[in-house]
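Coordinates from structure.cif are shown below (mmCIF, C-alpha atoms).
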```cif
data_my_file
#
loop_
_atom_site.label_atom_id
_atom_site.label_comp_id
_atom_site.auth_asym_id
_atom_site.auth_seq_id
_atom_site.Cartn_x
_atom_site.Cartn_y
_atom_site.Cartn_z
CA MET A 1 120.51 73.70 89.33
CA TRP A 2 119.09 77.10 88.61
CA GLY A 3 120.00 78.86 85.37
CA GLY A 4 123.53 80.18 85.48
CA ASN A 5 124.27 78.63 88.86
CA HIS A 6 127.21 76.24 88.80
CA SER A 7 126.55 74.81 92.29
CA VAL A 8 127.27 71.23 93.19
CA VAL A 9 125.27 71.51 96.43
CA SER A 10 121.91 69.78 96.03
CA GLU A 11 120.63 70.17 99.60
CA ILE A 12 121.09 72.43 102.62
CA VAL A 13 121.47 70.97 106.11
CA LEU A 14 119.73 73.06 108.78
CA VAL A 15 121.31 73.03 112.22
CA GLY A 16 117.97 73.80 113.86
CA LEU A 17 117.35 75.13 117.36
CA THR A 18 118.28 72.42 119.85
CA ASN A 19 119.22 68.75 120.22
CA SER A 20 117.65 68.36 123.66
CA LEU A 21 114.59 66.08 123.56
CA GLU A 22 112.91 67.99 126.40
CA MET A 23 113.43 71.33 124.64
CA GLN A 24 112.26 69.87 121.35
CA LEU A 25 109.01 68.73 122.94
CA ALA A 26 108.47 72.10 124.64
CA LEU A 27 109.23 74.03 121.45
CA PHE A 28 106.97 71.72 119.44
CA LEU A 29 104.03 72.44 121.73
CA VAL A 30 104.69 76.20 121.94
CA PHE A 31 105.33 76.70 118.23
CA SER A 32 102.36 74.56 117.23
CA VAL A 33 100.00 76.55 119.46
CA PHE A 34 101.32 79.91 118.26
CA TYR A 35 101.28 78.86 114.61
CA VAL A 36 97.76 77.42 114.63
CA ALA A 37 96.43 80.34 116.70
CA GLY A 38 98.10 82.83 114.37
CA ILE A 39 96.69 81.17 111.26
CA LEU A 40 93.18 80.96 112.72
CA GLY A 41 93.33 84.52 114.07
CA ASN A 42 94.47 86.04 110.79
CA LEU A 43 92.03 83.91 108.82
CA LEU A 44 89.23 85.06 111.13
CA ILE A 45 90.12 88.70 110.46
CA VAL A 46 90.11 88.13 106.69
CA LEU A 47 86.75 86.32 106.76
CA THR A 48 85.23 88.90 109.13
CA VAL A 49 86.24 91.82 106.92
CA ILE A 50 84.95 90.05 103.80
CA SER A 51 81.61 88.97 105.29
CA ASP A 52 80.66 92.03 107.37
CA PRO A 53 79.48 95.05 105.30
CA HIS A 54 80.23 97.38 108.24
CA LEU A 55 83.93 96.66 107.77
CA HIS A 56 84.03 97.41 104.04
CA SER A 57 86.26 100.45 104.47
CA PRO A 58 89.87 101.26 103.47
CA LEU A 59 91.24 100.63 106.98
CA TYR A 60 89.84 97.10 107.22
CA PHE A 61 90.62 96.34 103.59
CA LEU A 62 94.29 97.01 104.34
CA LEU A 63 94.06 95.15 107.65
CA ALA A 64 92.64 92.06 105.95
CA ASN A 65 95.53 92.11 103.47
CA LEU A 66 98.01 92.45 106.35
CA SER A 67 96.49 89.33 107.93
CA PHE A 68 96.64 87.52 104.58
CA ILE A 69 100.36 88.31 104.32
CA ASP A 70 100.98 87.19 107.91
CA ILE A 71 99.41 83.83 107.09
CA TRP A 72 101.99 83.31 104.34
CA VAL A 73 104.88 84.68 106.42
CA SER A 74 104.40 82.01 109.07
CA SER A 75 103.36 79.27 106.63
CA SER A 76 106.53 79.66 104.56
CA THR A 77 108.74 78.63 107.50
CA ALA A 78 106.83 77.41 110.57
CA PRO A 79 105.47 74.05 109.31
CA LYS A 80 108.91 72.79 108.29
CA MET A 81 110.50 74.21 111.43
CA ILE A 82 107.96 72.36 113.59
CA SER A 83 108.27 69.10 111.65
CA ASP A 84 112.08 69.28 111.77
CA LEU A 85 112.24 69.54 115.56
CA PHE A 86 112.31 65.76 116.03
CA LYS A 87 114.35 64.97 112.94
CA GLU A 88 117.97 64.01 113.48
CA ARG A 89 118.95 65.35 110.05
CA LYS A 90 117.14 68.48 108.98
CA VAL A 91 117.55 69.12 105.25
CA ILE A 92 115.97 71.20 102.53
CA SER A 93 116.71 71.02 98.82
CA PHE A 94 118.79 73.83 97.34
CA GLN A 95 115.86 74.84 95.11
CA GLY A 96 113.54 74.73 98.12
CA CYS A 97 115.95 76.92 100.08
CA ILE A 98 116.01 79.52 97.30
CA ALA A 99 112.21 79.41 97.00
CA GLN A 100 111.77 79.83 100.76
CA THR A 101 114.11 82.83 100.78
CA PHE A 102 112.29 84.30 97.79
CA PHE A 103 108.85 84.09 99.41
CA ILE A 104 110.06 85.36 102.79
CA HIS A 105 111.43 88.54 101.22
CA ILE A 106 108.38 89.01 98.99
CA MET A 107 106.14 88.94 102.04
CA GLY A 108 108.50 91.12 104.06
CA GLY A 109 108.76 93.78 101.36
CA THR A 110 105.02 93.70 100.70
CA GLU A 111 104.16 94.05 104.38
CA MET A 112 106.60 96.95 104.69
CA VAL A 113 104.80 98.96 102.01
CA LEU A 114 101.39 97.87 103.30
CA LEU A 115 102.19 99.31 106.73
CA ILE A 116 103.08 102.59 105.02
CA ALA A 117 99.71 102.45 103.24
CA MET A 118 97.97 101.94 106.58
CA ALA A 119 99.81 104.94 108.02
CA LEU A 120 98.71 106.98 104.98
CA ASP A 121 95.13 105.86 105.58
CA ARG A 122 95.24 107.11 109.19
CA TYR A 123 96.86 110.37 108.07
CA VAL A 124 94.04 111.06 105.60
CA ALA A 125 91.37 110.02 108.12
CA ILE A 126 92.70 112.46 110.73
CA HIS A 127 93.79 115.37 108.51
CA ARG A 128 91.10 115.22 105.81
CA PRO A 129 88.10 113.52 107.44
CA LEU A 130 85.52 115.16 105.15
CA HIS A 131 87.38 113.99 102.03
CA TYR A 132 88.50 110.64 103.44
CA LEU A 133 86.25 108.38 101.35
CA ASN A 134 86.97 110.38 98.20
CA ILE A 135 90.74 110.12 98.66
CA MET A 136 90.91 106.58 100.04
CA ASN A 137 88.45 105.14 97.55
CA PHE A 138 88.42 101.59 96.20
CA ARG A 139 90.71 102.49 93.29
CA THR A 140 93.28 104.03 95.65
CA CYS A 141 93.23 100.97 97.90
CA ILE A 142 93.77 98.64 94.95
CA LEU A 143 96.66 100.80 93.70
CA LEU A 144 98.26 100.73 97.17
CA LEU A 145 97.87 96.95 97.30
CA VAL A 146 99.36 96.50 93.81
CA ALA A 147 102.24 98.81 94.74
CA SER A 148 102.89 96.77 97.90
CA TRP A 149 103.14 93.47 96.03
CA THR A 150 105.18 95.02 93.22
CA VAL A 151 107.74 96.43 95.65
CA GLY A 152 107.87 93.11 97.53
CA ILE A 153 108.53 91.11 94.36
CA ILE A 154 111.16 93.56 93.08
CA HIS A 155 112.83 93.71 96.49
CA SER A 156 113.15 89.91 96.56
CA LEU A 157 114.22 89.50 92.92
CA ILE A 158 116.95 92.16 93.16
CA GLN A 159 118.72 90.16 95.86
CA LEU A 160 118.10 86.62 94.64
CA VAL A 161 119.21 87.34 91.07
CA PHE A 162 122.74 87.59 92.49
CA VAL A 163 122.43 84.72 94.96
CA VAL A 164 121.29 82.05 92.48
CA ASN A 165 124.41 82.65 90.40
CA LEU A 166 126.83 82.22 93.30
CA PRO A 167 128.99 79.07 93.30
CA PHE A 168 127.89 76.72 96.11
CA CYS A 169 130.56 74.04 95.84
CA GLY A 170 131.05 72.56 99.28
CA PRO A 171 129.75 73.83 102.64
CA ASN A 172 126.05 73.16 102.98
CA GLU A 173 125.36 73.45 106.72
CA LEU A 174 123.24 76.49 107.58
CA ASP A 175 123.12 77.57 111.23
CA GLY A 176 119.40 78.25 111.45
CA PHE A 177 115.98 76.65 111.10
CA TYR A 178 115.03 78.20 107.74
CA CYS A 179 116.78 79.67 104.72
CA ASP A 180 117.53 83.37 104.65
CA LEU A 181 119.93 85.53 102.70
CA PRO A 182 122.69 86.36 105.23
CA ARG A 183 123.39 82.73 106.16
CA LEU A 184 122.79 81.35 102.67
CA ILE A 185 125.28 83.81 101.16
CA SER A 186 127.90 82.77 103.72
CA LEU A 187 127.90 79.23 102.23
CA ALA A 188 129.08 80.41 98.80
CA CYS A 189 132.57 79.42 97.67
CA THR A 190 133.63 82.97 96.86
CA ASP A 191 134.16 86.34 98.48
CA THR A 192 130.67 87.61 99.33
CA TYR A 193 131.58 90.74 101.29
CA ARG A 194 130.15 93.11 98.68
CA LEU A 195 127.01 91.03 98.29
CA GLU A 196 126.50 91.01 102.06
CA LEU A 197 126.76 94.80 102.04
CA MET A 198 124.23 94.92 99.20
CA VAL A 199 121.80 92.81 101.23
CA THR A 200 122.36 95.12 104.17
CA ALA A 201 121.65 98.18 102.03
CA ASN A 202 118.60 96.58 100.41
CA SER A 203 116.94 94.99 103.43
CA GLY A 204 118.55 96.60 106.47
CA PHE A 205 118.72 100.25 105.57
CA ILE A 206 115.34 100.18 103.82
CA SER A 207 113.80 98.61 106.93
CA LEU A 208 115.44 101.17 109.19
CA GLY A 209 114.53 104.08 106.92
CA THR A 210 110.92 102.96 106.55
CA PHE A 211 110.62 102.42 110.30
CA CYS A 212 111.87 105.95 111.01
CA ILE A 213 109.51 107.44 108.42
CA LEU A 214 106.54 105.62 109.94
CA ILE A 215 107.35 106.63 113.52
CA ILE A 216 107.89 110.27 112.48
CA SER A 217 104.60 110.25 110.58
CA TYR A 218 102.74 108.92 113.63
CA ILE A 219 104.34 111.55 115.86
CA PHE A 220 103.39 114.23 113.33
CA ILE A 221 99.78 113.00 113.27
CA LEU A 222 99.54 112.98 117.07
CA LEU A 223 101.05 116.47 117.37
CA THR A 224 98.62 117.82 114.79
CA VAL A 225 95.64 116.29 116.61
CA TRP A 226 96.91 117.62 119.95
CA GLN A 227 97.20 121.15 118.52
CA ARG A 228 93.62 121.02 117.27
CA SER A 229 92.01 119.38 120.29
CA SER A 230 93.45 117.78 123.40
CA ASP A 231 90.33 115.59 123.63
CA GLY A 232 91.00 114.17 120.19
CA LEU A 233 94.53 113.18 121.18
CA SER A 234 93.41 110.25 123.32
CA LYS A 235 91.19 108.91 120.53
CA ALA A 236 93.97 109.31 117.94
CA LEU A 237 96.47 107.68 120.30
CA SER A 238 94.11 104.76 120.84
CA THR A 239 93.68 104.36 117.09
CA LEU A 240 97.38 104.62 116.26
CA SER A 241 98.75 102.61 119.17
CA ALA A 242 97.84 99.34 117.48
CA HIS A 243 99.55 100.47 114.28
CA ILE A 244 102.66 101.59 116.16
CA THR A 245 102.83 98.28 118.04
CA VAL A 246 102.61 96.28 114.81
CA VAL A 247 105.29 98.49 113.21
CA VAL A 248 107.67 97.95 116.13
CA LEU A 249 107.04 94.18 116.16
CA PHE A 250 107.60 93.90 112.42
CA PHE A 251 110.56 96.20 111.93
CA GLY A 252 112.42 95.42 115.16
CA PRO A 253 113.69 91.96 114.14
CA CYS A 254 114.21 93.04 110.51
CA ILE A 255 116.38 96.00 111.48
CA PHE A 256 118.51 93.94 113.86
CA VAL A 257 119.00 91.00 111.50
CA TYR A 258 119.53 92.87 108.22
CA SER A 259 121.23 96.10 109.33
CA TRP A 260 124.35 94.08 110.16
CA PRO A 261 125.69 92.01 107.25
CA PHE A 262 127.11 89.21 109.39
CA PRO A 263 124.83 86.81 111.31
CA THR A 264 125.01 86.91 115.11
CA VAL A 265 123.85 83.63 116.60
CA PRO A 266 121.85 82.97 118.80
CA VAL A 267 120.27 86.45 118.80
CA ASP A 268 119.31 86.14 115.13
CA LYS A 269 117.61 82.80 115.82
CA PHE A 270 115.51 84.31 118.61
CA LEU A 271 114.48 87.27 116.45
CA ALA A 272 113.72 84.94 113.54
CA ILE A 273 111.38 82.94 115.79
CA PHE A 274 109.74 86.18 116.87
CA TYR A 275 109.30 87.29 113.25
CA VAL A 276 107.90 84.06 111.75
CA ILE A 277 105.89 82.74 114.72
CA ILE A 278 105.16 85.37 117.37
CA THR A 279 104.44 88.46 115.25
CA PRO A 280 101.85 86.79 112.96
CA PHE A 281 100.12 85.63 116.16
CA LEU A 282 100.24 89.03 117.88
CA ASN A 283 98.99 91.08 114.93
CA PRO A 284 95.41 89.72 114.96
CA THR A 285 95.44 89.78 118.77
CA ILE A 286 96.40 93.45 118.82
CA TYR A 287 93.87 94.50 116.21
CA THR A 288 91.09 92.35 117.69
CA PHE A 289 91.33 93.39 121.33
CA ARG A 290 92.03 97.07 120.61
CA ASN A 291 89.36 97.55 117.95
CA LYS A 292 85.73 97.83 119.03
CA GLU A 293 84.32 97.55 115.50
CA MET A 294 86.25 94.35 114.87
CA LYS A 295 85.08 92.80 118.14
CA VAL A 296 81.46 93.75 117.43
CA ALA A 297 81.69 92.33 113.91
CA MET A 298 83.13 89.03 115.20
CA ARG A 299 80.35 88.75 117.79
CA ARG A 300 77.83 89.39 115.04
CA ILE A 301 79.33 86.63 112.87
CA PHE A 302 79.44 84.15 115.77
CA SER A 303 75.78 84.94 116.55
CA GLN A 304 74.81 84.33 112.93
CA VAL A 305 76.71 81.02 112.90
CA LEU A 306 75.02 79.88 116.11
CA SER A 307 71.61 80.90 114.77
CA PHE A 308 72.29 79.01 111.57
CA ARG A 309 73.27 75.87 113.49
CA LYS A 310 70.10 76.01 115.58
CA LEU A 311 68.05 75.80 112.41
CA PHE A 312 69.49 72.34 111.84
#
```

Using structure tokens, write down the structure from this file.
Amino acid sequence: MWGGNHSVVSEIVLVGLTNSLEMQLALFLVFSVFYVAGILGNLLIVLTVISDPHLHSPLYFLLANLSFIDIWVSSSTAPKMISDLFKERKVISFQGCIAQTFFIHIMGGTEMVLLIAMALDRYVAIHRPLHYLNIMNFRTCILLLVASWTVGIIHSLIQLVFVVNLPFCGPNELDGFYCDLPRLISLACTDTYRLELMVTANSGFISLGTFCILIISYIFILLTVWQRSSDGLSKALSTLSAHITVVVLFFGPCIFVYSWPFPTVPVDKFLAIFYVIITPFLNPTIYTFRNKEMKVAMRRIFSQVLSFRKLF
């Protein structure tokens, strides 16, 4: 077992979503389509931003990193969830369960800070347009990215350093389709009330607080634009609506799941599906269909690919 952990549990049994063969087949098809489409969509955004010089700006640099994170969010849980649908006994090793939890919270914490960085980018673009490129330069973007990953790693380590030392001596059935802190903690053979409250304070209240800060900042930006020019409000609203949608999609499930220390099934399962499958699929869809520059860049890349193929 892990250092300092006196567990005798070597594997975790996942209850999964359903035992109905018809539902398993339907979920397999739906989840597979959403997962593959999400991976391809996010990968397309990353490759488009990298390959198109017109998108080499702070906004698209941060967007490409958001897509990169979404790829790992879904890939850390979805493949096993899909492969487990038809398995009678769904298991994951204890070490694998800890690793999965670790990566989920790294990505969640990193994406949280990255969304704040994207809000900061829009704030500077709207309030200081003449100094935008000087403020949001390459060095600033790299610092924001490093800060995002640092916060994500620290956020995950703070919680798991306590979990890996809990005694897991008997119960090993987890009512879910992937490992996460609230349900994993409930399997420990000790009183975990204080630890559950710590997880709530760390993940739940931080998620709720960050969500409120982001929404207030967007409202503040829109009010400022409206006071300067009513014509500019519609353009600012169009620009920020995609960001606000992504924020709501990301923080909604997190707030509900982690702001209450005790799991509530089946609502938590539904929100978990939304978080690991649906949201990574919707993010590229939202940014692609609501962003003219991104759509033009993708058409340009497709045209270049077709032209290249005609040469051969």

Exactly which residues make up the result of the PyMOL selection byres ((chain A and resi 106) around 7) on this file, given as a list in words?
Phe102, Phe103, Ile104, His105, Met107, Gly108, Gly109, Thr110, Gly152, Ile153, His155 and Ser156 of chain A

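Nearest residue to Cys179 of chain A among A:Leu222, A:Val199, A:Val46, A:Leu14 is A:Leu14, counting all atoms listed in the file.
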
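For the residues A:Leu40, A:Leu27, A:Ile45, A:Val8, ranking by smallest atom-to-atom distance to Ile273 of chain A using all atoms listed in the file places A:Leu27 first.
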
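Taken over the shown file, the PyMOL selection byres ((chain A and resi 95) around 9) identifies A:Met1, A:Trp2, A:Ser10, A:Glu11, A:Ile92, A:Ser93, A:Phe94, A:Gly96, A:Cys97, A:Ile98, A:Ala99, A:Gln100.
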
Dump of C-alpha atoms for the selected residues, as a tab-separated table (two decimals), in the frame of the given file:
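Wrote it out as selection_14.tsv, contents follow:
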```
chain	number	residue	atom	x	y	z
A	1	MET	CA	120.51	73.70	89.33
A	2	TRP	CA	119.09	77.10	88.61
A	10	SER	CA	121.91	69.78	96.03
A	11	GLU	CA	120.63	70.17	99.60
A	92	ILE	CA	115.97	71.20	102.53
A	93	SER	CA	116.71	71.02	98.82
A	94	PHE	CA	118.79	73.83	97.34
A	96	GLY	CA	113.54	74.73	98.12
A	97	CYS	CA	115.95	76.92	100.08
A	98	ILE	CA	116.01	79.52	97.30
A	99	ALA	CA	112.21	79.41	97.00
A	100	GLN	CA	111.77	79.83	100.76
```

Expand the PyMOL selection byres ((chain A and resi 52) around 10) into the individual residues it matches in the shown file, reporting them as a ChimeraX atom specification.
/A:47-51,53-56,294,297-298,300-301

Same residues, C-alpha atoms, saved as a PDB file, in the frame of the given file:
```pdb
ATOM      1  CA  LEU A  47      86.750  86.320 106.760  1.00  0.00           C
ATOM      2  CA  THR A  48      85.230  88.900 109.130  1.00  0.00           C
ATOM      3  CA  VAL A  49      86.240  91.820 106.920  1.00  0.00           C
ATOM      4  CA  ILE A  50      84.950  90.050 103.800  1.00  0.00           C
ATOM      5  CA  SER A  51      81.610  88.970 105.290  1.00  0.00           C
ATOM      6  CA  PRO A  53      79.480  95.050 105.300  1.00  0.00           C
ATOM      7  CA  HIS A  54      80.230  97.380 108.240  1.00  0.00           C
ATOM      8  CA  LEU A  55      83.930  96.660 107.770  1.00  0.00           C
ATOM      9  CA  HIS A  56      84.030  97.410 104.040  1.00  0.00           C
ATOM     10  CA  MET A 294      86.250  94.350 114.870  1.00  0.00           C
ATOM     11  CA  ALA A 297      81.690  92.330 113.910  1.00  0.00           C
ATOM     12  CA  MET A 298      83.130  89.030 115.200  1.00  0.00           C
ATOM     13  CA  ARG A 300      77.830  89.390 115.040  1.00  0.00           C
ATOM     14  CA  ILE A 301      79.330  86.630 112.870  1.00  0.00           C
TER      15      ILE A 301
END
```

N, CA, C and O atoms are needed for segment 185-206 of chain A; please write them out as a PDB file, keeping the file's coordinate frame.
```
ATOM      1  N   ILE A 185     124.158  83.185 101.868  1.00  0.00           N
ATOM      2  CA  ILE A 185     125.280  83.810 101.160  1.00  0.00           C
ATOM      3  C   ILE A 185     126.614  83.346 101.747  1.00  0.00           C
ATOM      4  O   ILE A 185     127.597  83.148 101.024  1.00  0.00           O
ATOM      5  N   SER A 186     126.639  83.153 103.063  1.00  0.00           N
ATOM      6  CA  SER A 186     127.900  82.770 103.720  1.00  0.00           C
ATOM      7  C   SER A 186     128.374  81.383 103.299  1.00  0.00           C
ATOM      8  O   SER A 186     129.537  81.032 103.528  1.00  0.00           O
ATOM      9  N   LEU A 187     127.519  80.572 102.678  1.00  0.00           N
ATOM     10  CA  LEU A 187     127.900  79.230 102.230  1.00  0.00           C
ATOM     11  C   LEU A 187     128.567  79.240 100.859  1.00  0.00           C
ATOM     12  O   LEU A 187     129.102  78.213 100.427  1.00  0.00           O
ATOM     13  N   ALA A 188     128.524  80.348 100.150  1.00  0.00           N
ATOM     14  CA  ALA A 188     129.080  80.410  98.800  1.00  0.00           C
ATOM     15  C   ALA A 188     130.596  80.270  98.825  1.00  0.00           C
ATOM     16  O   ALA A 188     131.274  80.723  99.757  1.00  0.00           O
ATOM     17  N   CYS A 189     131.134  79.643  97.767  1.00  0.00           N
ATOM     18  CA  CYS A 189     132.570  79.420  97.670  1.00  0.00           C
ATOM     19  C   CYS A 189     133.244  80.586  96.939  1.00  0.00           C
ATOM     20  O   CYS A 189     133.945  80.406  95.934  1.00  0.00           O
ATOM     21  N   THR A 190     133.026  81.775  97.437  1.00  0.00           N
ATOM     22  CA  THR A 190     133.630  82.970  96.860  1.00  0.00           C
ATOM     23  C   THR A 190     133.535  84.095  97.874  1.00  0.00           C
ATOM     24  O   THR A 190     132.846  83.965  98.898  1.00  0.00           O
ATOM     25  N   ASP A 191     134.219  85.178  97.605  1.00  0.00           N
ATOM     26  CA  ASP A 191     134.160  86.340  98.480  1.00  0.00           C
ATOM     27  C   ASP A 191     132.799  87.013  98.326  1.00  0.00           C
ATOM     28  O   ASP A 191     132.439  87.469  97.230  1.00  0.00           O
ATOM     29  N   THR A 192     132.031  87.063  99.400  1.00  0.00           N
ATOM     30  CA  THR A 192     130.670  87.610  99.330  1.00  0.00           C
ATOM     31  C   THR A 192     130.525  88.900 100.129  1.00  0.00           C
ATOM     32  O   THR A 192     129.407  89.320 100.430  1.00  0.00           O
ATOM     33  N   TYR A 193     131.642  89.540 100.446  1.00  0.00           N
ATOM     34  CA  TYR A 193     131.580  90.740 101.290  1.00  0.00           C
ATOM     35  C   TYR A 193     130.706  91.818 100.652  1.00  0.00           C
ATOM     36  O   TYR A 193     129.845  92.417 101.302  1.00  0.00           O
ATOM     37  N   ARG A 194     130.926  92.068  99.360  1.00  0.00           N
ATOM     38  CA  ARG A 194     130.150  93.110  98.680  1.00  0.00           C
ATOM     39  C   ARG A 194     128.673  92.748  98.592  1.00  0.00           C
ATOM     40  O   ARG A 194     127.800  93.608  98.725  1.00  0.00           O
ATOM     41  N   LEU A 195     128.394  91.467  98.370  1.00  0.00           N
ATOM     42  CA  LEU A 195     127.010  91.030  98.290  1.00  0.00           C
ATOM     43  C   LEU A 195     126.322  91.150  99.646  1.00  0.00           C
ATOM     44  O   LEU A 195     125.142  91.518  99.730  1.00  0.00           O
ATOM     45  N   GLU A 196     127.059  90.856 100.723  1.00  0.00           N
ATOM     46  CA  GLU A 196     126.500  91.010 102.060  1.00  0.00           C
ATOM     47  C   GLU A 196     126.173  92.466 102.341  1.00  0.00           C
ATOM     48  O   GLU A 196     125.149  92.786 102.955  1.00  0.00           O
ATOM     49  N   LEU A 197     127.035  93.370 101.872  1.00  0.00           N
ATOM     50  CA  LEU A 197     126.760  94.800 102.040  1.00  0.00           C
ATOM     51  C   LEU A 197     125.549  95.216 101.211  1.00  0.00           C
ATOM     52  O   LEU A 197     124.768  96.074 101.639  1.00  0.00           O
ATOM     53  N   MET A 198     125.381  94.614 100.035  1.00  0.00           N
ATOM     54  CA  MET A 198     124.230  94.920  99.200  1.00  0.00           C
ATOM     55  C   MET A 198     122.936  94.478  99.880  1.00  0.00           C
ATOM     56  O   MET A 198     121.923  95.191  99.863  1.00  0.00           O
ATOM     57  N   VAL A 199     122.970  93.297 100.497  1.00  0.00           N
ATOM     58  CA  VAL A 199     121.800  92.810 101.230  1.00  0.00           C
ATOM     59  C   VAL A 199     121.493  93.737 102.393  1.00  0.00           C
ATOM     60  O   VAL A 199     120.326  94.043 102.682  1.00  0.00           O
ATOM     61  N   THR A 200     122.543  94.188 103.070  1.00  0.00           N
ATOM     62  CA  THR A 200     122.360  95.120 104.170  1.00  0.00           C
ATOM     63  C   THR A 200     121.719  96.413 103.688  1.00  0.00           C
ATOM     64  O   THR A 200     120.788  96.946 104.313  1.00  0.00           O
ATOM     65  N   ALA A 201     122.198  96.939 102.572  1.00  0.00           N
ATOM     66  CA  ALA A 201     121.650  98.180 102.030  1.00  0.00           C
ATOM     67  C   ALA A 201     120.207  97.983 101.573  1.00  0.00           C
ATOM     68  O   ALA A 201     119.347  98.837 101.792  1.00  0.00           O
ATOM     69  N   ASN A 202     119.934  96.828 100.956  1.00  0.00           N
ATOM     70  CA  ASN A 202     118.600  96.580 100.410  1.00  0.00           C
ATOM     71  C   ASN A 202     117.579  96.314 101.511  1.00  0.00           C
ATOM     72  O   ASN A 202     116.530  96.949 101.554  1.00  0.00           O
ATOM     73  N   SER A 203     117.907  95.391 102.404  1.00  0.00           N
ATOM     74  CA  SER A 203     116.940  94.990 103.430  1.00  0.00           C
ATOM     75  C   SER A 203     117.083  95.795 104.719  1.00  0.00           C
ATOM     76  O   SER A 203     116.082  96.275 105.273  1.00  0.00           O
ATOM     77  N   GLY A 204     118.319  95.954 105.184  1.00  0.00           N
ATOM     78  CA  GLY A 204     118.550  96.600 106.470  1.00  0.00           C
ATOM     79  C   GLY A 204     118.256  98.075 106.472  1.00  0.00           C
ATOM     80  O   GLY A 204     117.459  98.571 107.277  1.00  0.00           O
ATOM     81  N   PHE A 205     118.888  98.804 105.575  1.00  0.00           N
ATOM     82  CA  PHE A 205     118.720 100.250 105.570  1.00  0.00           C
ATOM     83  C   PHE A 205     117.318 100.655 105.136  1.00  0.00           C
ATOM     84  O   PHE A 205     116.761 101.645 105.613  1.00  0.00           O
ATOM     85  N   ILE A 206     116.714  99.899 104.221  1.00  0.00           N
ATOM     86  CA  ILE A 206     115.340 100.180 103.820  1.00  0.00           C
ATOM     87  C   ILE A 206     114.396  99.957 104.999  1.00  0.00           C
ATOM     88  O   ILE A 206     113.474 100.750 105.239  1.00  0.00           O
TER      89      ILE A 206
END
```
